[in-house]
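Q: One structure coming up, written as structure tokens, with questions to follow.
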Amino acid sequence: MPLDRRPLLVASVALAICVALAVLAFRAQATTQTRLTVFAAASLTDVLPGIDGSQRYSFGGSNMLAAQIEHGAPADVFASANTTLPSRLHAKGLCSKPVVFTRNRLVIVVPRSNPSRVRSVRDLTRPGVKVVVAGPGVPVGDYTLDALKRAKLSAAVLSNVVSRETDVREVLAKVALGEADAGFVYSTDAKTVSGRVSVIGLPARAQPTVRYGICVVEASGSEAAARAFVAKVLSGAGQARLVAAGFLPRAKPKPAKR
Amino acid sequence: MAGPSVRRTLLTVAYVGAAVVAMTFLLLPIVAIFAHTSPAELVEQLGNPVVQDAFVVSLKTSLIAQTLILLFGTPAAFLLASRRFRGHSLAITLVELPLVLPPAVAGIGLLAAFGRLGLLGSSLDAFGISLPFTQSAVTVAVAYVASPLYIRQAIAAFEATDPDLAAASRTLGASPVRTFFRVILPLARGGLIAGLALSFARGLGEFGATIMFAGSLQGVTQTVPLAIYAQFDQDFDATLAMSAVLVLFSVVLLAALHAGLSWQRSESTSSQSLFGLSGSS
């Protein structure tokens with residue numbers, strides 16, 4: 001009965017192919033064990049591959065990445081735009097004690113055309129100015145809230161917020177596209193689209209302390225390689241890359257001049 | 001010989017095995033949503049202001065979008081179903097295009113069209129209208145991704161109506177408008193309801209185009225899917241509660257879809273019994 005047998009044959013061939021592919025995928029994973037999966041803050045998108053191009057990166061809001069790690073995502077290294085998220089993972093036994101590996105500055109970006117003529121953080125309080133920030137829990141969103149509190153402008157600026165984005169690059173995109181009048185991002189993000197946005201600095205008293213923490217995920221199967229990656233980021237060459245991209249050295253220079 | 005019967009048993013085992021795998025795979029995530037938290041906790045989470053705001057935004061924008069889809073989609077579908085013109089199949093293909101478009105592409109397209117610097121954005125700006133970041137932007141995104149589902153189903157529903165009935169209505173002196181509302185629409189309503197259910201489901205789940213075109217702000221543009229995403233790292237219980245409600249809602253929509261489809265089928269058969277002479281072949 002050739003007609004009867006054919007679907008069974010097709011099914012078994014399909015099954016065999018599936019199994020073969022699964023085995024191949026598994027073996028491919030096994031052979032490239034040294035290739036790490038690095039979960040890193042969106043603001044590191046342009047710089048980390050320059051420090052080590054041989055790893056697999058997943059960039060996003062640090063808070064989302066931390067939540068994914070908590071739910072068992074197979075990350076080896078977690079590079080966060082703050083120290084609270086990796087510290088929280090460390091407290092839960094999910095990653096090693098975080099180390100500060102770089103720092104950054106929070107700035108305001110406006111579209112090059114600057115349709116609302118924003119010149120300072122105070123201009124963001126004017127009615128009708130469309131301000132975009134990152135959501136609560138996203139490091140840059142928390143730094144923004146901190147900066148506004150320090151500037152004593154929280155209520156007035158937050159009433160102009162038209163969107164709370166999921167990571168810093170989404171904020172940047174909305175401003176670079178000209179859809180929003182202003183947004184809060186790191187100075188390093190602004191540099192990546194310098195032709196499309198202008199940067200407005202924050203007054204020194206409003207500038208929050210932006211420190212990036214890195215840790216090795218405990219569930220990682222390749223801890224040695226992960227530790228080596230962290231060392232690479234902390235090395236002179238790694239730090240030089242970060243500084244070249246506009247990040248600040250990981251340790252503040254001693255305030256000797258004061 | 002036992003050969004054929006053994007083979008048949010094996011085949012049955014293979015079928016049943018595949019069915020069990022498929023059903024488990026499809027249902028497990030849904031069961032898990034409900035298993036993760038107790039019903040009491042789910043209900044309690046519904047008091048969460050983020051959750052409430054998200055449902056208000058989702059329902060409001062969906063209702064407006066679906067109303068617009070009905071008002072514009074129904075005549076458009078009727079035209080595409082009843083007239084044959086040059087470029088007819090091209091028109092149908094184009095109507096279906098947003099259906100297969102990745103939502104992120106739809107979001108970029110909406111920005112490029114209606115964004116402040118977009119194709120129509122500057123003209124809209126002249127009228128003091130700026131769509132991005134407004135609730136209207138959510139409605140536009142929902143209508144854009146959901147309408148093809150309705151129009152597609154509506155075209156099929158209109159095509160399934162018996163043209164003899166419309167012709168009879170016209171011969172008996174009814175105006176085209178009266179014929180449309182009293183004969184064609186009632187005949188097609190099952191299919192239209194099915195289309196609306198599909199479109200509603202797609203619109204409620206809209207994520208990519210909305211987050212790109214409308215942003216995400218609680219109580220303004222943050223729909224339930226956006227709130228689920230935003231709360232994922234903040235409050236897992238709240239995301240579970242919202243997901244659970246969406247699952248229940250989807251079940252209702254699915255029921256409406258199937259009821260509509262079977263209604264459509266019974267309508268087309270009852271039309272034959274009504275005009276027993278023409279349908280007796």
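We label chains A, B, ... in the order they appear in the structure tokens, count residues from 1 in each chain, and number ligands from 1 in the order shown.
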Identify all chain B residues at most 7 Å from chain A by counting only C-alpha atoms; ligands do not count. Present them as a ChimeraX atom specification.

A: /B:115-117,132-133,215-217,230,233

Q: If we count only C-alpha atoms and set the cut-off at 10 Å, which residues sit around Val243 of chain A, ignoring sequence neighbours fewer than 3 positions away in its own chain? Please answer as a list in words.

A: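 The residues satisfying every condition are Val47, Thr102, Arg103, Asn104, Thr188, Ala237, Gly238, Gln239, Ala240, Gly246, Phe247, Leu248, Pro249 and Arg250 of chain A.
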
Q: Keeping only N, CA, C and O atoms, take the residues you just selected and write them out as a CSV table (one decimal), in the first residue's frame.

A:
```csv
chain,number,residue,atom,x,y,z
A,47,VAL,N,30.5,50.1,22.2
A,47,VAL,CA,31.9,50.0,22.8
A,47,VAL,C,32.3,48.6,23.1
A,47,VAL,O,33.5,48.3,22.9
A,102,THR,N,33.1,51.4,34.7
A,102,THR,CA,33.2,52.7,34.1
A,102,THR,C,32.1,53.6,34.7
A,102,THR,O,31.3,53.2,35.5
A,103,ARG,N,32.2,54.9,34.2
A,103,ARG,CA,31.2,55.8,34.7
A,103,ARG,C,30.7,56.6,33.5
A,103,ARG,O,31.3,56.6,32.4
A,104,ASN,N,29.7,57.4,33.7
A,104,ASN,CA,29.1,58.1,32.6
A,104,ASN,C,28.5,59.4,33.1
A,104,ASN,O,28.4,59.6,34.3
A,188,THR,N,27.6,59.5,26.2
A,188,THR,CA,28.1,58.6,25.2
A,188,THR,C,27.1,58.2,24.2
A,188,THR,O,27.5,58.0,23.0
A,237,ALA,N,43.7,48.5,28.2
A,237,ALA,CA,43.2,48.6,26.8
A,237,ALA,C,41.7,48.8,26.8
A,237,ALA,O,41.1,49.6,26.1
A,238,GLY,N,41.0,48.0,27.6
A,238,GLY,CA,39.6,48.1,27.7
A,238,GLY,C,39.1,49.5,28.2
A,238,GLY,O,38.2,50.1,27.6
A,239,GLN,N,39.8,50.0,29.2
A,239,GLN,CA,39.5,51.3,29.8
A,239,GLN,C,39.7,52.4,28.7
A,239,GLN,O,38.9,53.3,28.6
A,240,ALA,N,40.8,52.2,28.0
A,240,ALA,CA,41.1,53.2,26.9
A,240,ALA,C,40.0,53.3,25.9
A,240,ALA,O,39.6,54.3,25.4
A,246,GLY,N,34.0,58.1,25.2
A,246,GLY,CA,33.3,59.1,25.9
A,246,GLY,C,33.0,58.7,27.3
A,246,GLY,O,32.4,59.6,28.1
A,247,PHE,N,33.2,57.5,27.7
A,247,PHE,CA,32.9,57.1,29.1
A,247,PHE,C,34.0,57.7,30.0
A,247,PHE,O,35.1,58.1,29.6
A,248,LEU,N,33.6,57.7,31.3
A,248,LEU,CA,34.6,58.3,32.3
A,248,LEU,C,35.4,57.1,32.9
A,248,LEU,O,34.9,56.0,33.0
A,249,PRO,N,36.6,57.4,33.3
A,249,PRO,CA,37.4,56.4,34.0
A,249,PRO,C,36.7,55.8,35.2
A,249,PRO,O,35.9,56.5,35.8
A,250,ARG,N,36.9,54.5,35.5
A,250,ARG,CA,36.1,53.9,36.4
A,250,ARG,C,36.3,54.4,37.8
A,250,ARG,O,35.3,54.5,38.6
```

Q: Just the strand (DSSP E or B) stuff from segment 112-153 of chain A, please, per backbone DSSP, written as a list of chain:residue names.

A: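 Output for segment 112-153 of chain A, strand (DSSP E or B) only: A:Val131, A:Val132, A:Val133, A:Ala134.
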
Q: Hey, which of B:Ala54, B:Ala167, B:Ala188, B:Ala81 ends up closest to Ile228 of chain B? Count only C-alpha atoms.

A: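 The closest residue to Ile228 of chain B is B:Ala54.
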
Q: Do you know which residues are at most 6 Å from Phe78 of chain A counting only C-alpha atoms, after dropping those on the same chain fewer than 3 positions away, and could you put them as a list in words?

A: Phe39, Ala40, Ile214 and Cys215 of chain A

Q: Show me, as a PyMOL selection string, the residues that have an atom within 8 Å of Thr83 of chain A when counting only C-alpha atoms, minus same-chain residues fewer than 6 positions from it.

A: chain A and resi 98+100+211-214

Q: Do a neighbour search on Thr209 of chain A at 10 Å with only C-alpha atoms, toss out local chain neighbours closer than 6 positions, and write the hits as an MDAnalysis selection string.

A: chainID A and resid 82 103:106 143 146:147

Q: Using only C-alpha atoms, which of B:Ala14, B:Ile30, B:Ala40, B:Val183 sits nearest Val251 of chain B?

A: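 With only C-alpha atoms as the atom set, the closest residue is B:Ile30.
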
Q: Near Val199 of chain A, within 12 Å and counting only C-alpha atoms, which residues show up once chain neighbours fewer than 6 positions away are dropped, as a PDB file with all heavy atoms, in the first residue's frame?

A:
```pdb
ATOM      1  N   ARG A 105      28.012  60.239  32.171  1.00  0.00           N
ATOM      2  CA  ARG A 105      27.336  61.475  32.558  1.00  0.00           C
ATOM      3  C   ARG A 105      25.958  61.497  31.932  1.00  0.00           C
ATOM      4  O   ARG A 105      25.785  61.091  30.786  1.00  0.00           O
ATOM      5  CB  ARG A 105      28.118  62.698  32.061  1.00  0.00           C
ATOM      6  CG  ARG A 105      29.467  62.868  32.713  1.00  0.00           C
ATOM      7  CD  ARG A 105      30.270  63.909  31.975  1.00  0.00           C
ATOM      8  NE  ARG A 105      29.581  65.197  31.957  1.00  0.00           N
ATOM      9  CZ  ARG A 105      29.537  66.040  32.991  1.00  0.00           C
ATOM     10  NH1 ARG A 105      30.144  65.717  34.108  1.00  0.00           N
ATOM     11  NH2 ARG A 105      28.907  67.181  32.909  1.00  0.00           N
ATOM     12  N   LEU A 106      25.005  62.011  32.680  1.00  0.00           N
ATOM     13  CA  LEU A 106      23.654  62.174  32.156  1.00  0.00           C
ATOM     14  C   LEU A 106      23.571  63.538  31.471  1.00  0.00           C
ATOM     15  O   LEU A 106      24.062  64.530  32.014  1.00  0.00           O
ATOM     16  CB  LEU A 106      22.648  62.098  33.310  1.00  0.00           C
ATOM     17  CG  LEU A 106      21.173  61.989  32.905  1.00  0.00           C
ATOM     18  CD1 LEU A 106      20.886  60.626  32.290  1.00  0.00           C
ATOM     19  CD2 LEU A 106      20.265  62.206  34.121  1.00  0.00           C
ATOM     20  N   VAL A 107      22.986  63.561  30.285  1.00  0.00           N
ATOM     21  CA  VAL A 107      22.836  64.835  29.568  1.00  0.00           C
ATOM     22  C   VAL A 107      21.425  64.932  28.993  1.00  0.00           C
ATOM     23  O   VAL A 107      20.681  63.943  28.969  1.00  0.00           O
ATOM     24  CB  VAL A 107      23.854  64.976  28.401  1.00  0.00           C
ATOM     25  CG1 VAL A 107      25.275  64.998  28.921  1.00  0.00           C
ATOM     26  CG2 VAL A 107      23.655  63.867  27.376  1.00  0.00           C
ATOM     27  N   ILE A 108      21.090  66.114  28.532  1.00  0.00           N
ATOM     28  CA  ILE A 108      19.840  66.307  27.795  1.00  0.00           C
ATOM     29  C   ILE A 108      20.196  66.333  26.319  1.00  0.00           C
ATOM     30  O   ILE A 108      21.178  66.969  25.929  1.00  0.00           O
ATOM     31  CB  ILE A 108      19.177  67.648  28.197  1.00  0.00           C
ATOM     32  CG1 ILE A 108      18.807  67.628  29.682  1.00  0.00           C
ATOM     33  CG2 ILE A 108      17.946  67.931  27.336  1.00  0.00           C
ATOM     34  CD1 ILE A 108      18.442  68.997  30.226  1.00  0.00           C
ATOM     35  N   VAL A 109      19.432  65.630  25.503  1.00  0.00           N
ATOM     36  CA  VAL A 109      19.617  65.760  24.051  1.00  0.00           C
ATOM     37  C   VAL A 109      18.355  66.388  23.463  1.00  0.00           C
ATOM     38  O   VAL A 109      17.245  66.127  23.928  1.00  0.00           O
ATOM     39  CB  VAL A 109      19.891  64.418  23.333  1.00  0.00           C
ATOM     40  CG1 VAL A 109      21.331  64.005  23.479  1.00  0.00           C
ATOM     41  CG2 VAL A 109      18.959  63.330  23.814  1.00  0.00           C
ATOM     42  N   VAL A 110      18.567  67.219  22.455  1.00  0.00           N
ATOM     43  CA  VAL A 110      17.449  67.814  21.718  1.00  0.00           C
ATOM     44  C   VAL A 110      17.719  67.580  20.234  1.00  0.00           C
ATOM     45  O   VAL A 110      18.871  67.400  19.838  1.00  0.00           O
ATOM     46  CB  VAL A 110      17.324  69.334  21.998  1.00  0.00           C
ATOM     47  CG1 VAL A 110      17.019  69.584  23.466  1.00  0.00           C
ATOM     48  CG2 VAL A 110      18.577  70.072  21.570  1.00  0.00           C
ATOM     49  N   PRO A 111      16.666  67.546  19.398  1.00  0.00           N
ATOM     50  CA  PRO A 111      16.918  67.403  17.961  1.00  0.00           C
ATOM     51  C   PRO A 111      17.754  68.577  17.469  1.00  0.00           C
ATOM     52  O   PRO A 111      17.655  69.675  18.024  1.00  0.00           O
ATOM     53  CB  PRO A 111      15.519  67.452  17.338  1.00  0.00           C
ATOM     54  CG  PRO A 111      14.563  67.224  18.449  1.00  0.00           C
ATOM     55  CD  PRO A 111      15.234  67.689  19.693  1.00  0.00           C
ATOM     56  N   ARG A 112      18.582  68.343  16.436  1.00  0.00           N
ATOM     57  CA  ARG A 112      19.426  69.404  15.894  1.00  0.00           C
ATOM     58  C   ARG A 112      18.648  70.696  15.634  1.00  0.00           C
ATOM     59  O   ARG A 112      19.103  71.792  15.901  1.00  0.00           O
ATOM     60  CB  ARG A 112      20.086  68.931  14.580  1.00  0.00           C
ATOM     61  CG  ARG A 112      21.546  68.583  14.735  1.00  0.00           C
ATOM     62  CD  ARG A 112      22.391  69.840  14.882  1.00  0.00           C
ATOM     63  NE  ARG A 112      23.434  69.733  15.900  1.00  0.00           N
ATOM     64  CZ  ARG A 112      24.673  69.318  15.675  1.00  0.00           C
ATOM     65  NH1 ARG A 112      25.036  68.959  14.488  1.00  0.00           N
ATOM     66  NH2 ARG A 112      25.540  69.273  16.644  1.00  0.00           N
ATOM     67  N   ASN A 114      16.076  71.677  17.169  1.00  0.00           N
ATOM     68  CA  ASN A 114      15.634  72.181  18.465  1.00  0.00           C
ATOM     69  C   ASN A 114      14.318  72.963  18.379  1.00  0.00           C
ATOM     70  O   ASN A 114      14.268  74.161  18.662  1.00  0.00           O
ATOM     71  CB  ASN A 114      16.733  73.053  19.075  1.00  0.00           C
ATOM     72  CG  ASN A 114      16.563  73.192  20.588  1.00  0.00           C
ATOM     73  OD1 ASN A 114      15.586  72.688  21.157  1.00  0.00           O
ATOM     74  ND2 ASN A 114      17.498  73.873  21.235  1.00  0.00           N
ATOM     75  N   VAL A 118      15.075  74.515  23.436  1.00  0.00           N
ATOM     76  CA  VAL A 118      15.497  74.120  24.784  1.00  0.00           C
ATOM     77  C   VAL A 118      16.972  74.477  24.950  1.00  0.00           C
ATOM     78  O   VAL A 118      17.798  74.099  24.110  1.00  0.00           O
ATOM     79  CB  VAL A 118      15.272  72.607  25.009  1.00  0.00           C
ATOM     80  CG1 VAL A 118      15.845  72.174  26.347  1.00  0.00           C
ATOM     81  CG2 VAL A 118      13.802  72.276  24.919  1.00  0.00           C
ATOM     82  N   ARG A 119      17.300  75.230  26.001  1.00  0.00           N
ATOM     83  CA  ARG A 119      18.691  75.616  26.238  1.00  0.00           C
ATOM     84  C   ARG A 119      19.210  75.080  27.573  1.00  0.00           C
ATOM     85  O   ARG A 119      20.412  74.992  27.783  1.00  0.00           O
ATOM     86  CB  ARG A 119      18.842  77.145  26.249  1.00  0.00           C
ATOM     87  CG  ARG A 119      18.271  77.832  25.022  1.00  0.00           C
ATOM     88  CD  ARG A 119      19.365  78.240  24.039  1.00  0.00           C
ATOM     89  NE  ARG A 119      18.767  78.818  22.858  1.00  0.00           N
ATOM     90  CZ  ARG A 119      18.453  78.120  21.761  1.00  0.00           C
ATOM     91  NH1 ARG A 119      18.719  76.818  21.694  1.00  0.00           N
ATOM     92  NH2 ARG A 119      17.878  78.697  20.730  1.00  0.00           N
ATOM     93  N   SER A 120      18.301  74.781  28.474  1.00  0.00           N
ATOM     94  CA  SER A 120      18.734  74.298  29.788  1.00  0.00           C
ATOM     95  C   SER A 120      17.661  73.374  30.349  1.00  0.00           C
ATOM     96  O   SER A 120      16.560  73.286  29.799  1.00  0.00           O
ATOM     97  CB  SER A 120      18.935  75.470  30.745  1.00  0.00           C
ATOM     98  OG  SER A 120      17.673  75.980  31.135  1.00  0.00           O
ATOM     99  N   VAL A 121      18.007  72.711  31.432  1.00  0.00           N
ATOM    100  CA  VAL A 121      17.054  71.789  32.053  1.00  0.00           C
ATOM    101  C   VAL A 121      15.794  72.540  32.477  1.00  0.00           C
ATOM    102  O   VAL A 121      14.684  72.019  32.442  1.00  0.00           O
ATOM    103  CB  VAL A 121      17.705  71.028  33.229  1.00  0.00           C
ATOM    104  CG1 VAL A 121      18.141  71.975  34.336  1.00  0.00           C
ATOM    105  CG2 VAL A 121      16.761  69.974  33.776  1.00  0.00           C
ATOM    106  N   LEU A 172      16.911  57.980  22.938  1.00  0.00           N
ATOM    107  CA  LEU A 172      17.748  58.665  21.953  1.00  0.00           C
ATOM    108  C   LEU A 172      17.084  58.670  20.577  1.00  0.00           C
ATOM    109  O   LEU A 172      17.046  59.695  19.887  1.00  0.00           O
ATOM    110  CB  LEU A 172      19.111  57.974  21.883  1.00  0.00           C
ATOM    111  CG  LEU A 172      20.149  58.635  20.974  1.00  0.00           C
ATOM    112  CD1 LEU A 172      20.593  59.955  21.575  1.00  0.00           C
ATOM    113  CD2 LEU A 172      21.355  57.711  20.781  1.00  0.00           C
ATOM    114  N   VAL A 175      14.303  61.176  20.110  1.00  0.00           N
ATOM    115  CA  VAL A 175      14.795  62.551  19.965  1.00  0.00           C
ATOM    116  C   VAL A 175      15.472  62.720  18.606  1.00  0.00           C
ATOM    117  O   VAL A 175      15.228  63.694  17.894  1.00  0.00           O
ATOM    118  CB  VAL A 175      15.757  62.914  21.114  1.00  0.00           C
ATOM    119  CG1 VAL A 175      16.331  64.309  20.911  1.00  0.00           C
ATOM    120  CG2 VAL A 175      15.032  62.838  22.449  1.00  0.00           C
ATOM    121  N   ALA A 176      16.300  61.747  18.229  1.00  0.00           N
ATOM    122  CA  ALA A 176      17.023  61.850  16.965  1.00  0.00           C
ATOM    123  C   ALA A 176      16.065  61.884  15.780  1.00  0.00           C
ATOM    124  O   ALA A 176      16.338  62.525  14.771  1.00  0.00           O
ATOM    125  CB  ALA A 176      17.995  60.675  16.819  1.00  0.00           C
ATOM    126  N   ALA A 182      12.975  66.730  23.654  1.00  0.00           N
ATOM    127  CA  ALA A 182      14.148  66.554  24.499  1.00  0.00           C
ATOM    128  C   ALA A 182      14.088  65.201  25.181  1.00  0.00           C
ATOM    129  O   ALA A 182      13.006  64.632  25.352  1.00  0.00           O
ATOM    130  CB  ALA A 182      14.217  67.653  25.558  1.00  0.00           C
ATOM    131  N   GLY A 183      15.257  64.689  25.550  1.00  0.00           N
ATOM    132  CA  GLY A 183      15.304  63.420  26.251  1.00  0.00           C
ATOM    133  C   GLY A 183      16.547  63.368  27.117  1.00  0.00           C
ATOM    134  O   GLY A 183      17.506  64.118  26.897  1.00  0.00           O
ATOM    135  N   PHE A 184      16.508  62.480  28.106  1.00  0.00           N
ATOM    136  CA  PHE A 184      17.663  62.313  28.989  1.00  0.00           C
ATOM    137  C   PHE A 184      18.396  61.035  28.605  1.00  0.00           C
ATOM    138  O   PHE A 184      17.803  59.943  28.645  1.00  0.00           O
ATOM    139  CB  PHE A 184      17.206  62.229  30.446  1.00  0.00           C
ATOM    140  CG  PHE A 184      16.811  63.553  31.037  1.00  0.00           C
ATOM    141  CD1 PHE A 184      15.520  64.045  30.875  1.00  0.00           C
ATOM    142  CD2 PHE A 184      17.735  64.313  31.744  1.00  0.00           C
ATOM    143  CE1 PHE A 184      15.153  65.270  31.423  1.00  0.00           C
ATOM    144  CE2 PHE A 184      17.382  65.541  32.290  1.00  0.00           C
ATOM    145  CZ  PHE A 184      16.087  66.020  32.128  1.00  0.00           C
ATOM    146  N   VAL A 185      19.656  61.176  28.218  1.00  0.00           N
ATOM    147  CA  VAL A 185      20.476  60.015  27.852  1.00  0.00           C
ATOM    148  C   VAL A 185      21.873  60.215  28.437  1.00  0.00           C
ATOM    149  O   VAL A 185      22.152  61.244  29.054  1.00  0.00           O
ATOM    150  CB  VAL A 185      20.581  59.846  26.317  1.00  0.00           C
ATOM    151  CG1 VAL A 185      19.213  59.672  25.683  1.00  0.00           C
ATOM    152  CG2 VAL A 185      21.304  61.023  25.685  1.00  0.00           C
ATOM    153  N   TYR A 186      22.766  59.236  28.223  1.00  0.00           N
ATOM    154  CA  TYR A 186      24.145  59.410  28.635  1.00  0.00           C
ATOM    155  C   TYR A 186      24.883  60.193  27.549  1.00  0.00           C
ATOM    156  O   TYR A 186      24.520  60.127  26.360  1.00  0.00           O
ATOM    157  CB  TYR A 186      24.825  58.052  28.835  1.00  0.00           C
ATOM    158  CG  TYR A 186      24.111  57.170  29.832  1.00  0.00           C
ATOM    159  CD1 TYR A 186      23.548  55.964  29.443  1.00  0.00           C
ATOM    160  CD2 TYR A 186      23.997  57.555  31.166  1.00  0.00           C
ATOM    161  CE1 TYR A 186      22.896  55.151  30.355  1.00  0.00           C
ATOM    162  CE2 TYR A 186      23.339  56.744  32.087  1.00  0.00           C
ATOM    163  CZ  TYR A 186      22.792  55.548  31.673  1.00  0.00           C
ATOM    164  OH  TYR A 186      22.140  54.758  32.571  1.00  0.00           O
ATOM    165  N   SER A 187      25.925  60.891  27.952  1.00  0.00           N
ATOM    166  CA  SER A 187      26.669  61.691  26.972  1.00  0.00           C
ATOM    167  C   SER A 187      27.254  60.792  25.874  1.00  0.00           C
ATOM    168  O   SER A 187      27.387  61.213  24.729  1.00  0.00           O
ATOM    169  CB  SER A 187      27.775  62.478  27.668  1.00  0.00           C
ATOM    170  OG  SER A 187      28.714  61.588  28.228  1.00  0.00           O
ATOM    171  N   THR A 188      27.571  59.513  26.226  1.00  0.00           N
ATOM    172  CA  THR A 188      28.146  58.610  25.227  1.00  0.00           C
ATOM    173  C   THR A 188      27.122  58.230  24.153  1.00  0.00           C
ATOM    174  O   THR A 188      27.484  58.005  23.007  1.00  0.00           O
ATOM    175  CB  THR A 188      28.638  57.323  25.910  1.00  0.00           C
ATOM    176  OG1 THR A 188      27.581  56.831  26.734  1.00  0.00           O
ATOM    177  CG2 THR A 188      29.864  57.589  26.743  1.00  0.00           C
ATOM    178  N   ASP A 189      25.841  58.161  24.529  1.00  0.00           N
ATOM    179  CA  ASP A 189      24.809  57.841  23.545  1.00  0.00           C
ATOM    180  C   ASP A 189      24.666  58.990  22.557  1.00  0.00           C
ATOM    181  O   ASP A 189      24.523  58.773  21.360  1.00  0.00           O
ATOM    182  CB  ASP A 189      23.463  57.613  24.234  1.00  0.00           C
ATOM    183  CG  ASP A 189      23.509  56.445  25.172  1.00  0.00           C
ATOM    184  OD1 ASP A 189      23.745  55.330  24.682  1.00  0.00           O
ATOM    185  OD2 ASP A 189      23.341  56.655  26.378  1.00  0.00           O
ATOM    186  N   ALA A 190      24.686  60.221  23.103  1.00  0.00           N
ATOM    187  CA  ALA A 190      24.532  61.398  22.253  1.00  0.00           C
ATOM    188  C   ALA A 190      25.606  61.405  21.173  1.00  0.00           C
ATOM    189  O   ALA A 190      25.349  61.767  20.019  1.00  0.00           O
ATOM    190  CB  ALA A 190      24.607  62.662  23.097  1.00  0.00           C
ATOM    191  N   LYS A 191      26.818  60.965  21.527  1.00  0.00           N
ATOM    192  CA  LYS A 191      27.931  60.967  20.557  1.00  0.00           C
ATOM    193  C   LYS A 191      27.657  60.060  19.362  1.00  0.00           C
ATOM    194  O   LYS A 191      28.174  60.295  18.272  1.00  0.00           O
ATOM    195  CB  LYS A 191      29.210  60.481  21.251  1.00  0.00           C
ATOM    196  CG  LYS A 191      29.899  61.536  22.084  1.00  0.00           C
ATOM    197  CD  LYS A 191      31.299  61.042  22.452  1.00  0.00           C
ATOM    198  CE  LYS A 191      32.136  62.146  23.058  1.00  0.00           C
ATOM    199  NZ  LYS A 191      31.631  62.606  24.365  1.00  0.00           N
ATOM    200  N   THR A 192      26.842  59.002  19.545  1.00  0.00           N
ATOM    201  CA  THR A 192      26.642  58.046  18.455  1.00  0.00           C
ATOM    202  C   THR A 192      25.764  58.613  17.345  1.00  0.00           C
ATOM    203  O   THR A 192      25.748  58.083  16.247  1.00  0.00           O
ATOM    204  CB  THR A 192      25.999  56.734  18.970  1.00  0.00           C
ATOM    205  OG1 THR A 192      24.712  57.030  19.515  1.00  0.00           O
ATOM    206  CG2 THR A 192      26.857  56.066  20.023  1.00  0.00           C
ATOM    207  N   VAL A 193      24.990  59.656  17.637  1.00  0.00           N
ATOM    208  CA  VAL A 193      24.153  60.280  16.587  1.00  0.00           C
ATOM    209  C   VAL A 193      24.388  61.792  16.602  1.00  0.00           C
ATOM    210  O   VAL A 193      23.459  62.571  16.476  1.00  0.00           O
ATOM    211  CB  VAL A 193      22.648  59.983  16.781  1.00  0.00           C
ATOM    212  CG1 VAL A 193      22.318  58.557  16.438  1.00  0.00           C
ATOM    213  CG2 VAL A 193      22.206  60.317  18.194  1.00  0.00           C
TER     214      VAL A 193
END
```

Q: Between A:Leu153, A:Ile17, A:Ala251, A:Ala219, which residue has the minimum interatomic distance to Pro74 of chain A, considering only C-alpha atoms?

A: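 Looking at the shortest contact to Pro74 of chain A, the residue is A:Ala219.
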
Q: Smallest atom-to-atom distance to Ile184 of chain B: which of B:Ala154, B:Leu196, B:Leu110, B:Leu165, using only C-alpha atoms?

A: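 Going through B:Ala154, B:Leu196, B:Leu110, B:Leu165 one by one, the smallest distance to Ile184 of chain B is for B:Leu165.
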
Q: Please provide the set of residues having any atom within 10 Å of Thr67 of chain B, restricted to only C-alpha atoms, with same-chain residues fewer than 6 positions apart removed, written as a PyMOL selection string.

A: chain B and resi 61+73+143+196
